[in-house]
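**Q** Got a file for you: start-v7.tsv, TSV, C-alpha atoms.
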```
chain	number	residue	atom	x	y	z
M	270	MET	CA	-24.27	31.23	16.66
M	271	LYS	CA	-20.59	31.99	16.21
M	272	LYS	CA	-18.33	29.18	17.36
M	273	THR	CA	-15.32	30.07	19.49
M	274	ILE	CA	-12.04	28.22	19.66
M	275	THR	CA	-11.05	27.37	23.19
M	276	PRO	CA	-7.50	27.78	24.57
M	277	GLY	CA	-7.37	24.01	24.92
M	278	GLN	CA	-8.11	23.53	21.22
M	279	ILE	CA	-5.45	26.07	20.28
M	280	SER	CA	-2.94	24.29	22.51
M	281	GLN	CA	-3.75	20.89	21.01
M	282	ASN	CA	-3.57	22.28	17.47
M	283	ASN	CA	-0.14	23.77	18.17
M	284	LEU	CA	1.01	20.42	19.53
M	285	LYS	CA	-0.11	18.67	16.33
M	286	LEU	CA	1.42	21.32	14.05
M	287	ILE	CA	4.78	21.10	15.79
M	288	TYR	CA	4.77	17.30	15.78
M	289	GLN	CA	3.89	17.15	12.08
M	290	TYR	CA	6.62	19.68	11.24
M	291	ILE	CA	9.24	17.64	13.12
M	292	TYR	CA	7.95	14.45	11.51
M	293	GLN	CA	8.27	15.91	8.00
M	294	ASN	CA	11.61	17.64	8.64
M	295	ASP	CA	13.95	15.43	10.64
M	296	SER	CA	16.62	17.03	12.83
M	297	VAL	CA	15.09	20.48	13.33
M	298	SER	CA	15.75	23.02	16.04
M	299	GLN	CA	13.28	24.98	18.09
M	300	GLN	CA	14.26	28.08	16.14
M	301	ASP	CA	13.45	26.31	12.86
M	302	ILE	CA	9.95	25.59	14.18
M	303	VAL	CA	9.47	29.17	15.42
M	304	TYR	CA	10.29	30.54	11.95
M	305	ALA	CA	8.36	27.93	9.97
M	306	LEU	CA	5.13	27.93	11.99
M	307	HIS	CA	5.18	31.56	13.18
M	308	LEU	CA	4.77	30.53	16.79
M	309	SER	CA	6.35	32.14	19.82
M	310	ARG	CA	9.50	30.63	21.29
M	311	PRO	CA	7.82	29.96	24.69
M	312	THR	CA	4.98	28.12	22.94
M	313	VAL	CA	7.39	26.01	20.90
M	314	SER	CA	9.58	25.29	23.90
M	315	ALA	CA	6.59	24.17	25.97
M	316	LYS	CA	5.20	21.93	23.23
M	317	ILE	CA	8.61	20.42	22.52
M	318	ALA	CA	8.86	19.48	26.18
M	319	GLU	CA	5.36	17.97	26.06
M	320	LEU	CA	6.12	15.94	22.93
M	321	GLU	CA	9.37	14.70	24.49
M	322	GLU	CA	7.57	13.68	27.65
M	323	LYS	CA	4.95	11.76	25.68
M	324	GLY	CA	7.71	10.00	23.70
M	325	LEU	CA	6.62	11.29	20.29
M	326	ILE	CA	9.95	13.00	19.62
M	327	CYS	CA	13.52	12.66	20.82
M	328	ARG	CA	16.73	14.63	20.79
M	329	ALA	CA	18.86	13.77	17.78
M	330	GLY	CA	22.18	15.45	18.32
M	331	GLN	CA	22.88	19.06	17.49
M	332	ILE	CA	22.33	21.29	14.48
M	333	SER	CA	25.57	22.04	12.65
M	334	SER	CA	26.26	25.75	12.36
M	335	GLU	CA	29.11	28.06	11.43
M	336	LEU	CA	27.96	30.54	14.10
M	337	VAL	CA	29.97	30.88	17.28
M	338	GLY	CA	28.28	29.68	20.44
M	339	ARG	CA	26.34	26.67	21.70
M	340	LYS	CA	24.83	24.55	18.96
M	341	ALA	CA	21.06	24.12	18.89
M	342	VAL	CA	19.51	20.80	19.89
M	343	ALA	CA	18.05	18.82	16.98
M	344	TYR	CA	14.72	17.01	17.36
M	345	SER	CA	13.32	14.08	15.39
M	346	ALA	CA	10.12	12.06	15.46
M	347	VAL	CA	10.38	8.66	17.15
M	348	PRO	CA	9.54	6.15	14.37
M	349	ASP	CA	8.23	3.37	16.60
M	350	TYR	CA	6.24	5.55	18.99
M	351	ARG	CA	3.38	3.80	17.23
M	352	VAL	CA	3.40	0.92	14.74
M	353	ALA	CA	0.83	-0.97	12.70
M	354	VAL	CA	0.67	-4.59	11.60
M	355	GLY	CA	-0.11	-5.69	8.06
M	356	ALA	CA	-1.26	-9.23	7.29
M	357	GLU	CA	-1.93	-10.72	3.86
M	358	VAL	CA	-4.18	-13.75	3.47
M	359	MET	CA	-3.46	-15.94	0.44
M	360	LYS	CA	-4.57	-19.36	-0.72
M	361	ASN	CA	-1.68	-21.21	0.93
M	362	LEU	CA	0.21	-18.49	2.81
M	363	ILE	CA	-0.07	-15.83	5.49
M	364	LYS	CA	2.34	-12.89	5.29
M	365	ILE	CA	2.83	-10.52	8.22
M	366	LEU	CA	5.01	-7.48	8.87
M	367	VAL	CA	5.07	-4.36	11.05
M	368	VAL	CA	5.32	-0.76	9.79
M	369	ASP	CA	6.44	2.21	11.88
M	370	LEU	CA	5.45	5.87	11.59
M	371	LYS	CA	8.24	6.57	9.12
M	372	GLY	CA	7.11	3.79	6.81
M	373	ASN	CA	9.94	1.42	7.70
M	374	TYR	CA	8.90	-2.23	7.84
M	375	TYR	CA	10.40	-4.93	10.02
M	376	ASN	CA	10.22	-8.58	10.96
M	377	ARG	CA	8.44	-9.87	7.88
M	378	ILE	CA	7.38	-13.49	8.20
M	379	VAL	CA	5.66	-15.96	5.87
M	380	ILE	CA	3.60	-18.84	7.25
M	381	GLU	CA	2.40	-21.78	5.19
M	382	LYS	CA	-1.28	-22.24	5.94
M	383	LYS	CA	-4.07	-23.20	3.57
M	384	TYR	CA	-7.03	-20.85	3.66
M	385	GLU	CA	-10.37	-22.26	4.76
M	386	ASN	CA	-13.54	-20.31	5.26
M	387	THR	CA	-14.01	-21.69	8.75
M	388	ASP	CA	-13.83	-20.42	12.31
M	389	ALA	CA	-10.97	-22.85	12.95
M	390	TYR	CA	-8.88	-21.15	10.27
M	391	ILE	CA	-9.78	-17.66	11.53
M	392	ARG	CA	-8.80	-18.59	15.07
M	393	SER	CA	-5.54	-20.14	13.85
M	394	PHE	CA	-4.78	-17.03	11.76
M	395	CYS	CA	-5.41	-14.77	14.75
M	396	ASP	CA	-3.23	-16.97	16.95
M	397	GLU	CA	-0.39	-16.52	14.46
M	398	VAL	CA	-0.87	-12.74	14.41
M	399	ASN	CA	-1.03	-12.56	18.21
M	400	ARG	CA	2.16	-14.62	18.55
M	401	TYR	CA	3.83	-12.39	16.00
M	402	ILE	CA	2.88	-9.22	17.89
M	403	GLN	CA	4.06	-10.71	21.18
M	404	SER	CA	7.44	-11.50	19.58
M	405	LEU	CA	7.91	-7.80	18.72
M	406	CYS	CA	8.12	-6.78	22.39
M	407	TYR	CA	6.15	-3.57	21.85
M	408	LYS	CA	3.93	-2.19	24.56
M	409	GLU	CA	0.24	-2.74	23.92
M	410	GLU	CA	-0.43	0.97	23.39
M	411	GLN	CA	2.19	1.13	20.63
M	412	ILE	CA	0.12	-1.08	18.32
M	413	LEU	CA	-2.27	1.09	16.31
M	414	GLY	CA	-4.07	-1.80	14.66
M	415	ILE	CA	-3.99	-4.73	12.26
M	416	GLY	CA	-4.83	-4.46	8.58
M	417	ILE	CA	-5.83	-7.74	6.91
M	418	SER	CA	-5.71	-7.86	3.12
M	419	PHE	CA	-7.76	-10.32	1.08
M	420	GLN	CA	-7.96	-11.22	-2.58
M	421	GLY	CA	-11.44	-9.81	-2.79
M	422	LEU	CA	-13.49	-6.62	-2.72
M	423	VAL	CA	-14.12	-5.00	0.65
M	424	ASN	CA	-16.83	-2.58	1.76
M	425	ALA	CA	-15.94	1.05	2.47
M	426	LYS	CA	-15.66	0.54	6.22
M	427	GLY	CA	-13.32	-2.43	5.87
M	428	THR	CA	-15.69	-4.66	7.79
M	429	ARG	CA	-16.95	-7.13	5.18
M	430	ILE	CA	-15.73	-9.02	2.12
M	431	THR	CA	-18.30	-8.21	-0.56
M	432	TYR	CA	-16.80	-10.34	-3.34
M	433	GLY	CA	-14.27	-13.07	-2.70
M	434	LYS	CA	-14.41	-15.73	-5.40
M	435	ILE	CA	-10.68	-16.61	-5.29
M	436	LEU	CA	-10.80	-17.72	-1.64
M	437	ASP	CA	-14.55	-18.32	-1.47
M	438	CYS	CA	-14.76	-15.78	1.34
M	439	THR	CA	-17.67	-13.57	0.24
M	440	GLY	CA	-19.59	-12.37	3.29
M	441	LEU	CA	-16.71	-12.76	5.74
M	442	THR	CA	-16.87	-10.08	8.47
M	443	ILE	CA	-14.21	-8.38	10.55
M	444	GLU	CA	-16.14	-9.32	13.68
M	445	GLN	CA	-15.18	-12.95	13.03
M	446	PHE	CA	-11.53	-11.90	13.46
M	447	ALA	CA	-11.94	-9.17	16.07
M	448	ARG	CA	-13.18	-11.64	18.68
M	449	TYR	CA	-9.69	-13.22	18.71
M	450	LEU	CA	-7.60	-10.05	18.34
M	451	SER	CA	-6.84	-7.44	21.00
M	452	TYR	CA	-6.34	-4.51	18.62
M	453	PRO	CA	-8.44	-2.56	16.12
M	454	CYS	CA	-8.55	-4.41	12.81
M	455	ARG	CA	-9.97	-3.96	9.32
M	456	PHE	CA	-10.08	-5.67	5.93
M	457	LEU	CA	-8.45	-4.29	2.78
M	458	HIS	CA	-8.73	-5.27	-0.86
M	459	ASP	CA	-5.26	-6.46	-1.88
M	460	ALA	CA	-5.05	-4.19	-4.96
M	461	ALA	CA	-6.06	-1.15	-2.91
M	462	ALA	CA	-3.44	-2.00	-0.28
M	463	ALA	CA	-0.77	-2.25	-2.99
M	464	ALA	CA	-1.88	1.10	-4.45
M	465	ASP	CA	-1.60	2.70	-1.02
M	466	SER	CA	1.97	1.40	-0.80
M	467	GLU	CA	2.72	3.10	-4.10
M	468	LEU	CA	1.19	6.34	-2.84
M	469	TRP	CA	3.51	6.21	0.16
M	470	ALA	CA	6.57	5.52	-2.01
M	471	SER	CA	5.64	8.09	-4.69
M	472	PRO	CA	4.60	11.40	-3.10
M	473	GLU	CA	4.82	13.06	-6.52
M	474	LEU	CA	1.89	11.02	-7.85
M	475	SER	CA	-1.64	12.37	-7.53
M	476	ASP	CA	-3.89	10.90	-10.24
M	477	PHE	CA	-3.05	7.49	-11.68
M	478	ILE	CA	-4.10	3.93	-12.40
M	479	TYR	CA	-2.30	1.30	-10.36
M	480	MET	CA	-2.28	-2.24	-11.68
M	481	ASN	CA	-1.07	-4.95	-9.32
M	482	VAL	CA	0.15	-7.82	-11.50
M	483	SER	CA	0.83	-10.80	-9.28
M	484	ILE	CA	-0.55	-14.33	-9.20
M	485	HIS	CA	-3.88	-12.64	-9.85
M	486	LEU	CA	-4.60	-9.28	-11.43
M	487	GLY	CA	-6.07	-6.22	-9.75
M	488	ALA	CA	-6.25	-2.50	-10.47
M	489	THR	CA	-7.11	0.66	-8.57
M	490	LEU	CA	-7.99	4.19	-9.66
M	491	VAL	CA	-6.44	7.03	-7.68
M	492	HIS	CA	-7.61	10.66	-7.85
M	493	GLY	CA	-6.15	13.43	-5.71
M	494	ARG	CA	-4.16	10.73	-3.85
M	495	ARG	CA	-7.43	9.09	-2.82
M	496	ILE	CA	-8.37	5.57	-3.88
M	497	LEU	CA	-11.64	5.51	-5.83
M	498	THR	CA	-13.89	2.55	-5.17
M	499	GLY	CA	-16.96	3.76	-7.06
M	500	LYS	CA	-20.68	3.66	-6.38
M	501	HIS	CA	-20.83	-0.12	-5.92
M	502	GLY	CA	-17.26	-0.75	-4.76
M	503	TYR	CA	-15.62	-2.22	-7.86
M	504	SER	CA	-14.09	0.66	-9.81
M	505	GLY	CA	-10.91	-0.41	-11.56
M	506	THR	CA	-11.63	-4.14	-11.65
M	507	VAL	CA	-10.15	-4.51	-15.11
M	508	GLU	CA	-9.41	-8.15	-14.36
M	509	HIS	CA	-13.02	-8.97	-15.22
M	510	VAL	CA	-13.25	-6.98	-18.45
M	511	GLN	CA	-13.62	-9.49	-21.29
M	512	MET	CA	-10.48	-9.52	-23.42
M	513	ILE	CA	-11.03	-12.66	-25.51
M	514	PRO	CA	-14.62	-13.74	-26.26
M	515	ASN	CA	-15.03	-17.46	-25.52
M	516	GLY	CA	-11.48	-17.51	-24.12
M	517	LYS	CA	-10.22	-19.31	-21.04
M	518	LYS	CA	-12.47	-19.56	-18.01
M	519	CYS	CA	-11.77	-17.02	-15.27
M	520	TYR	CA	-12.19	-17.77	-11.57
M	521	CYS	CA	-15.29	-15.52	-11.70
M	522	GLY	CA	-16.93	-18.09	-13.97
M	523	LYS	CA	-16.91	-15.95	-17.15
M	524	LEU	CA	-14.83	-16.57	-20.26
M	525	GLY	CA	-11.89	-14.58	-21.59
M	526	CYS	CA	-11.47	-12.07	-18.75
M	527	THR	CA	-8.30	-9.97	-18.68
M	528	GLU	CA	-7.27	-12.05	-15.65
M	529	THR	CA	-6.84	-15.05	-17.99
M	530	VAL	CA	-4.20	-13.32	-20.15
M	531	CYS	CA	-2.55	-10.62	-17.98
M	532	SER	CA	-2.10	-12.17	-14.53
M	533	MET	CA	1.17	-13.87	-13.61
M	534	SER	CA	-0.68	-17.17	-13.34
M	535	ALA	CA	-1.71	-16.71	-16.99
M	536	LEU	CA	1.91	-16.23	-18.00
M	537	LEU	CA	3.66	-18.81	-15.85
M	538	GLY	CA	3.26	-22.42	-14.99
M	539	GLU	CA	3.44	-23.62	-11.39
M	540	ASP	CA	6.84	-22.85	-9.78
M	541	GLU	CA	8.09	-21.51	-13.12
M	542	GLU	CA	8.80	-17.85	-12.29
M	543	ASP	CA	12.60	-17.80	-12.00
M	544	ALA	CA	13.14	-20.42	-14.69
M	545	PHE	CA	10.93	-18.62	-17.21
M	546	PHE	CA	12.57	-15.22	-16.80
M	547	GLU	CA	16.02	-16.78	-17.01
M	548	LEU	CA	15.03	-18.31	-20.36
M	549	ARG	CA	13.52	-15.01	-21.53
M	550	ASP	CA	16.66	-13.10	-20.64
M	551	ALA	CA	18.80	-15.73	-22.37
M	552	GLY	CA	16.78	-15.24	-25.57
M	553	ASP	CA	15.09	-18.64	-25.63
M	554	PRO	CA	12.72	-18.41	-28.67
M	555	ALA	CA	9.73	-20.08	-27.00
M	556	ALA	CA	10.06	-17.97	-23.84
M	557	VAL	CA	10.50	-14.76	-25.86
M	558	GLU	CA	7.43	-15.54	-27.98
M	559	ARG	CA	5.35	-16.25	-24.90
M	560	TRP	CA	6.59	-13.05	-23.26
M	561	ASN	CA	5.80	-10.94	-26.33
M	562	THR	CA	2.29	-12.35	-26.49
M	563	TYR	CA	1.82	-11.55	-22.82
M	564	LEU	CA	3.10	-7.98	-23.33
M	565	TYR	CA	0.68	-7.55	-26.22
M	566	TYR	CA	-2.36	-8.29	-24.04
M	567	LEU	CA	-0.92	-6.22	-21.21
M	568	SER	CA	-0.48	-3.32	-23.65
M	569	LEU	CA	-4.11	-3.57	-24.79
M	570	THR	CA	-5.26	-3.52	-21.18
M	571	ILE	CA	-3.16	-0.47	-20.39
M	572	HIS	CA	-4.42	1.26	-23.54
M	573	ASN	CA	-8.07	0.57	-22.77
M	574	MET	CA	-7.77	1.82	-19.20
M	575	HIS	CA	-5.79	4.86	-20.34
M	576	LEU	CA	-8.59	5.80	-22.74
M	577	LEU	CA	-11.04	5.74	-19.84
M	578	TYR	CA	-8.78	7.49	-17.33
M	579	ASN	CA	-6.15	9.57	-19.07
M	580	GLU	CA	-3.55	9.70	-16.29
M	581	ASP	CA	-0.29	7.99	-15.35
M	582	PHE	CA	-0.29	4.20	-15.31
M	583	VAL	CA	1.77	2.37	-12.70
M	584	ILE	CA	2.58	-1.34	-13.00
M	585	GLY	CA	3.26	-3.00	-9.66
M	586	GLY	CA	3.23	-6.43	-8.08
M	587	TYR	CA	5.49	-9.38	-8.90
M	588	LEU	CA	5.66	-8.36	-12.54
M	589	ALA	CA	7.30	-4.99	-11.77
M	590	SER	CA	10.63	-6.53	-10.77
M	591	HIS	CA	10.79	-8.40	-14.11
M	592	LEU	CA	10.06	-5.44	-16.39
M	593	ARG	CA	12.94	-3.81	-18.25
M	594	ASP	CA	13.17	-0.54	-20.19
M	595	ARG	CA	12.85	-2.48	-23.44
M	596	ASP	CA	9.57	-3.98	-22.20
M	597	ILE	CA	8.13	-0.53	-21.52
M	598	THR	CA	9.23	0.51	-25.02
M	599	CYS	CA	7.47	-2.56	-26.43
M	600	ILE	CA	4.29	-1.64	-24.51
M	601	TYR	CA	4.34	1.86	-25.99
M	602	GLU	CA	4.88	0.46	-29.49
M	603	ASN	CA	1.96	-1.95	-29.10
M	604	ILE	CA	-0.28	0.87	-27.88
M	605	GLU	CA	0.70	3.15	-30.75
M	606	ARG	CA	-0.44	0.53	-33.26
M	607	VAL	CA	-4.01	0.54	-31.91
M	608	SER	CA	-4.46	4.03	-30.45
M	609	PRO	CA	-6.56	6.56	-32.36
M	610	PHE	CA	-4.51	9.35	-30.78
M	611	PRO	CA	-0.86	10.34	-31.03
M	612	GLU	CA	0.59	8.93	-27.83
M	613	LYS	CA	3.38	10.47	-25.77
M	614	ARG	CA	5.64	7.94	-24.11
M	615	ASP	CA	5.37	9.55	-20.72
M	616	TYR	CA	2.71	7.78	-18.67
M	617	VAL	CA	3.66	4.12	-18.12
M	618	ARG	CA	5.75	3.66	-14.99
M	619	ILE	CA	7.17	0.70	-13.07
M	620	GLY	CA	6.05	0.75	-9.45
M	621	LYS	CA	8.49	1.65	-6.71
M	622	MET	CA	7.06	-1.00	-4.36
M	623	PRO	CA	7.19	-4.30	-6.26
M	624	LYS	CA	7.89	-6.39	-3.14
M	625	HIS	CA	5.67	-6.82	-0.09
M	626	SER	CA	3.42	-4.02	-1.31
M	627	ILE	CA	0.16	-5.68	-0.28
M	628	THR	CA	1.22	-6.66	3.25
M	629	TYR	CA	2.85	-3.25	3.70
M	630	GLY	CA	-0.19	-1.41	2.39
M	631	ALA	CA	-2.48	-3.32	4.75
M	632	ALA	CA	-0.80	-1.59	7.71
M	633	LEU	CA	-0.81	1.92	6.25
M	634	PRO	CA	-4.41	3.05	7.03
M	635	PHE	CA	-3.58	3.04	10.74
M	636	ILE	CA	-0.40	5.03	10.09
M	637	HIS	CA	-2.37	7.53	7.99
M	638	ASP	CA	-4.93	7.97	10.77
M	639	PHE	CA	-2.24	8.67	13.31
M	640	LEU	CA	-0.35	11.12	11.14
M	641	SER	CA	-3.53	13.01	10.30
M	642	GLY	CA	-3.49	14.05	13.93
M	643	GLU	CA	-6.58	12.18	15.00
M	644	LEU	CA	-4.66	9.77	17.20
M	645	ILE	CA	-2.03	12.06	18.70
M	646	PRO	CA	-2.80	12.10	22.41
M	647	GLY	CA	-3.95	15.40	23.86
```
Rewrite the structure from the file as structure tokens, please.
**A**
Amino acid sequence: MKKTITPGQISQNNLKLIYQYIYQNDSVSQQDIVYALHLSRPTVSAKIAELEEKGLICRAGQISSELVGRKAVAYSAVPDYRVAVGAEVMKNLIKILVVDLKGNYYNRIVIEKKYENTDAYIRSFCDEVNRYIQSLCYKEEQILGIGISFQGLVNAKGTRITYGKILDCTGLTIEQFARYLSYPCRFLHDAAAAADSELWASPELSDFIYMNVSIHLGATLVHGRRILTGKHGYSGTVEHVQMIPNGKKCYCGKLGCTETVCSMSALLGEDEEDAFFELRDAGDPAAVERWNTYLYYLSLTIHNMHLLYNEDFVIGGYLASHLRDRDITCIYENIERVSPFPEKRDYVRIGKMPKHSITYGAALPFIHDFLSGELIPG
């Protein structure tokens, strides 16, 4: 039986098309929309009025023109019509921020709180998030949801931690949090959240490997701007590929994992970050030697992953802000010594989101859902 499209569906589709055009092209006139979307002026005028009434768009001055006569009104999307909250759970910290529809983040806070796999901790965490949201003074309907990132693998629905050795949180469920939160919420793997941040910051990227090098190591494969988790949910977990047989013990319990030589905790001692990089930059021999050894193992990791997935490679996390052009050159030189193929120096990139990428990325799924049109009110 042939399906028919109802007038109501056409009207709603036009509303979404016009909103998305204004969102993507700030300060546009009604005439711009008429030309771009091939809609009639009465239709555009009516939908503009509807979007204004709902609060999705606002008037943003006038369009500059050399033509004589009244200037056209410019329209822009309202960034905080809806917002999402991102929260990052770490061993001794909770990080929280809010992201609006334009990807701007605000009011980032860091709370010292030791993680415990207990209901008391969960309730305390939720109390902190609820207080944070109340301090923002948004209306309840403006909050799309809360993304909670963990140092662990998460199932496809974002409802369960399937592997959480770092925090001993395997088996944790979103229901344990939802009972204390008034908004939709979901879990995210921290590396996947960081990769999503990079996708937002780098619209030119489509297929790449993202490696989040922070206290711990994590990587994500991206194809067609979609994060690949794999059949069993752990694609890209290079941190547990054995690099050094019988090497140092990893938190997973195995020996010589890449985590033990390529994470920031493998490079630095406790509270050493600034001091070490100051010594490296000053040419201290011991610091330079340690840095070069670290870059060697990082290069091998990049090379191995690049052989398996021959696409761009993006280095993010804490490490990104400490990488210099000479370090990328060193990585290429190390790779060329071991690669069986002639290598072009065109695929290793420093991430555009080295700071707050995990907390930021935790909020983005709710922003994506809204912008896809699914959550625009009819």
**Q** Need the shell around segment 622-636 of chain M: protein/DNA/RNA residues with any atom at most 9 Å away, counting only C-alpha atoms. Skip same-chain ones fewer than 3 positions apart. Format as a VMD selection string?
**A** chain M and resid 351 to 358 364 to 372 374 377 413 to 418 455 to 467 469 to 470 481 584 to 590 619 639 to 641
**Q** Quote the spacing between atom CA of Asn373 of chain M and atom CA of Tyr452 of chain M in Å to one decimal place.
**A** 20.5 Å
**Q** Write out as an MDAnalysis selection string each polymer residue whose atoms come within 9 Å of Gly487 of chain M, counting only C-alpha atoms; drop sequence neighbours fewer than 4 positions from it.
**A** chainID M and resid 420 459:461 479:483 505:508 528 532
**Q** Could you state the separation of atom CA of Leu284 of chain M and atom CA of Ala315 of chain M in Å, given to one decimal place?
**A** 9.3 Å
**Q** When you look at Val607 of chain M with a cut-off of 12 Å (counting only C-alpha atoms), what residues show up, excluding the ones that are within fewer than 5 positions of it in the same chain? I need them as JSON, numbers by chain.
**A** {"M": [565, 566, 568, 569, 570, 571, 572, 573, 576, 600, 601, 602, 612]}
**Q** Can you tell me which residues surround Ser504 of chain M at a distance of at most 9 Å, considering only C-alpha atoms, apart from same-chain residues fewer than 3 positions away, and format the answer as a PyMOL selection string?
**A** chain M and resi 488-490+497-501+507
**Q** Work out how far apart atom CA of Arg429 of chain M and atom CA of Asp388 of chain M are and give it in Å to one decimal.
**A**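 Computing it gives 15.4 Å between the two atoms.
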**Q** Which residue out of M:Val583, M:Val347, M:Ala305, M:Ile430 has the minimum interatomic distance to Phe477 of chain M when all atoms listed in the file are used?
**A**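 Selected residue with least distance to Phe477 of chain M: M:Val583.
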**Q** My list of candidates is M:Gln278, M:Ile412, M:Tyr407, M:Ser345. Which is closest to Ile317 of chain M when distances are computed with all atoms listed in the file?
**A**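 Selected residue with least distance to Ile317 of chain M: M:Ser345.
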**Q** How big is the axis-aligned box around all listed atoms of segment 509-521 of chain M once 5 Å goes on each side, and where's its centre, in Å to one decimal, as JSON?
**A**
```
{"center_x": -12.8, "center_y": -13.3, "center_z": -18.9, "size_x": 15.1, "size_y": 22.6, "size_z": 24.7}
```
**Q** Counting only C-alpha atoms, write as a list in words all protein and nucleic acid residues lying at most 10 Å from (0.0, -15.8, 14.6) in the file's frame.
**A**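 All residues meeting the 10 Å criterion around (0.0, -15.8, 14.6) are Ala356, Ile363, Ile365, Ile380, Arg392, Ser393, Phe394, Cys395, Asp396, Glu397, Val398, Asn399, Arg400, Tyr401, Ile402, Gln403 and Ser404 of chain M.
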**Q** Write a file of the selected residues as a PDB file, keeping the file's coordinate frame, keeping C-alpha atoms.
**A**
```pdb
ATOM      1  CA  ALA M 356      -1.260  -9.230   7.290  1.00  0.00           C
ATOM      2  CA  ILE M 363      -0.070 -15.830   5.490  1.00  0.00           C
ATOM      3  CA  ILE M 365       2.830 -10.520   8.220  1.00  0.00           C
ATOM      4  CA  ILE M 380       3.600 -18.840   7.250  1.00  0.00           C
ATOM      5  CA  ARG M 392      -8.800 -18.590  15.070  1.00  0.00           C
ATOM      6  CA  SER M 393      -5.540 -20.140  13.850  1.00  0.00           C
ATOM      7  CA  PHE M 394      -4.780 -17.030  11.760  1.00  0.00           C
ATOM      8  CA  CYS M 395      -5.410 -14.770  14.750  1.00  0.00           C
ATOM      9  CA  ASP M 396      -3.230 -16.970  16.950  1.00  0.00           C
ATOM     10  CA  GLU M 397      -0.390 -16.520  14.460  1.00  0.00           C
ATOM     11  CA  VAL M 398      -0.870 -12.740  14.410  1.00  0.00           C
ATOM     12  CA  ASN M 399      -1.030 -12.560  18.210  1.00  0.00           C
ATOM     13  CA  ARG M 400       2.160 -14.620  18.550  1.00  0.00           C
ATOM     14  CA  TYR M 401       3.830 -12.390  16.000  1.00  0.00           C
ATOM     15  CA  ILE M 402       2.880  -9.220  17.890  1.00  0.00           C
ATOM     16  CA  GLN M 403       4.060 -10.710  21.180  1.00  0.00           C
ATOM     17  CA  SER M 404       7.440 -11.500  19.580  1.00  0.00           C
TER      18      SER M 404
END
```
**Q** Dump segment 489-499 of chain M with N, CA, C and O atoms to a file, as an mmCIF file, in the first residue's frame.
**A**
```
data_model
loop_
_atom_site.group_PDB
_atom_site.id
_atom_site.type_symbol
_atom_site.label_atom_id
_atom_site.label_comp_id
_atom_site.auth_asym_id
_atom_site.auth_seq_id
_atom_site.Cartn_x
_atom_site.Cartn_y
_atom_site.Cartn_z
ATOM 1 N N THR M 489 39.653 5.390 19.819
ATOM 2 C CA THR M 489 38.354 5.188 19.189
ATOM 3 C C THR M 489 38.527 5.202 17.677
ATOM 4 O O THR M 489 39.281 6.022 17.144
ATOM 5 N N LEU M 490 37.828 4.311 16.994
ATOM 6 C CA LEU M 490 37.812 4.297 15.541
ATOM 7 C C LEU M 490 36.568 5.031 15.054
ATOM 8 O O LEU M 490 35.472 4.823 15.595
ATOM 9 N N VAL M 491 36.750 5.882 14.051
ATOM 10 C CA VAL M 491 35.632 6.650 13.509
ATOM 11 C C VAL M 491 35.553 6.392 12.006
ATOM 12 O O VAL M 491 36.563 6.506 11.300
ATOM 13 N N HIS M 492 34.364 6.043 11.532
ATOM 14 C CA HIS M 492 34.146 5.802 10.091
ATOM 15 C C HIS M 492 32.876 6.517 9.664
ATOM 16 O O HIS M 492 31.812 6.321 10.255
ATOM 17 N N GLY M 493 32.995 7.364 8.639
ATOM 18 C CA GLY M 493 31.836 8.119 8.190
ATOM 19 C C GLY M 493 31.262 8.995 9.285
ATOM 20 O O GLY M 493 30.052 9.170 9.380
ATOM 21 N N ARG M 494 32.156 9.523 10.138
ATOM 22 C CA ARG M 494 31.796 10.375 11.281
ATOM 23 C C ARG M 494 30.931 9.633 12.302
ATOM 24 O O ARG M 494 30.233 10.248 13.107
ATOM 25 N N ARG M 495 31.013 8.319 12.303
ATOM 26 C CA ARG M 495 30.336 7.506 13.307
ATOM 27 C C ARG M 495 31.377 6.716 14.095
ATOM 28 O O ARG M 495 32.304 6.137 13.519
ATOM 29 N N ILE M 496 31.222 6.699 15.405
ATOM 30 C CA ILE M 496 32.144 5.975 16.269
ATOM 31 C C ILE M 496 31.857 4.481 16.185
ATOM 32 O O ILE M 496 30.710 4.041 16.346
ATOM 33 N N LEU M 497 32.904 3.692 15.905
ATOM 34 C CA LEU M 497 32.768 2.247 15.777
ATOM 35 C C LEU M 497 33.099 1.579 17.107
ATOM 36 O O LEU M 497 34.188 1.763 17.641
ATOM 37 N N THR M 498 32.164 0.812 17.612
ATOM 38 C CA THR M 498 32.425 0.104 18.868
ATOM 39 C C THR M 498 32.733 -1.366 18.648
ATOM 40 O O THR M 498 33.335 -2.010 19.501
ATOM 41 N N GLY M 499 32.316 -1.917 17.493
ATOM 42 C CA GLY M 499 32.629 -3.303 17.189
ATOM 43 C C GLY M 499 31.590 -4.276 17.721
ATOM 44 O O GLY M 499 30.669 -3.920 18.460
#
```
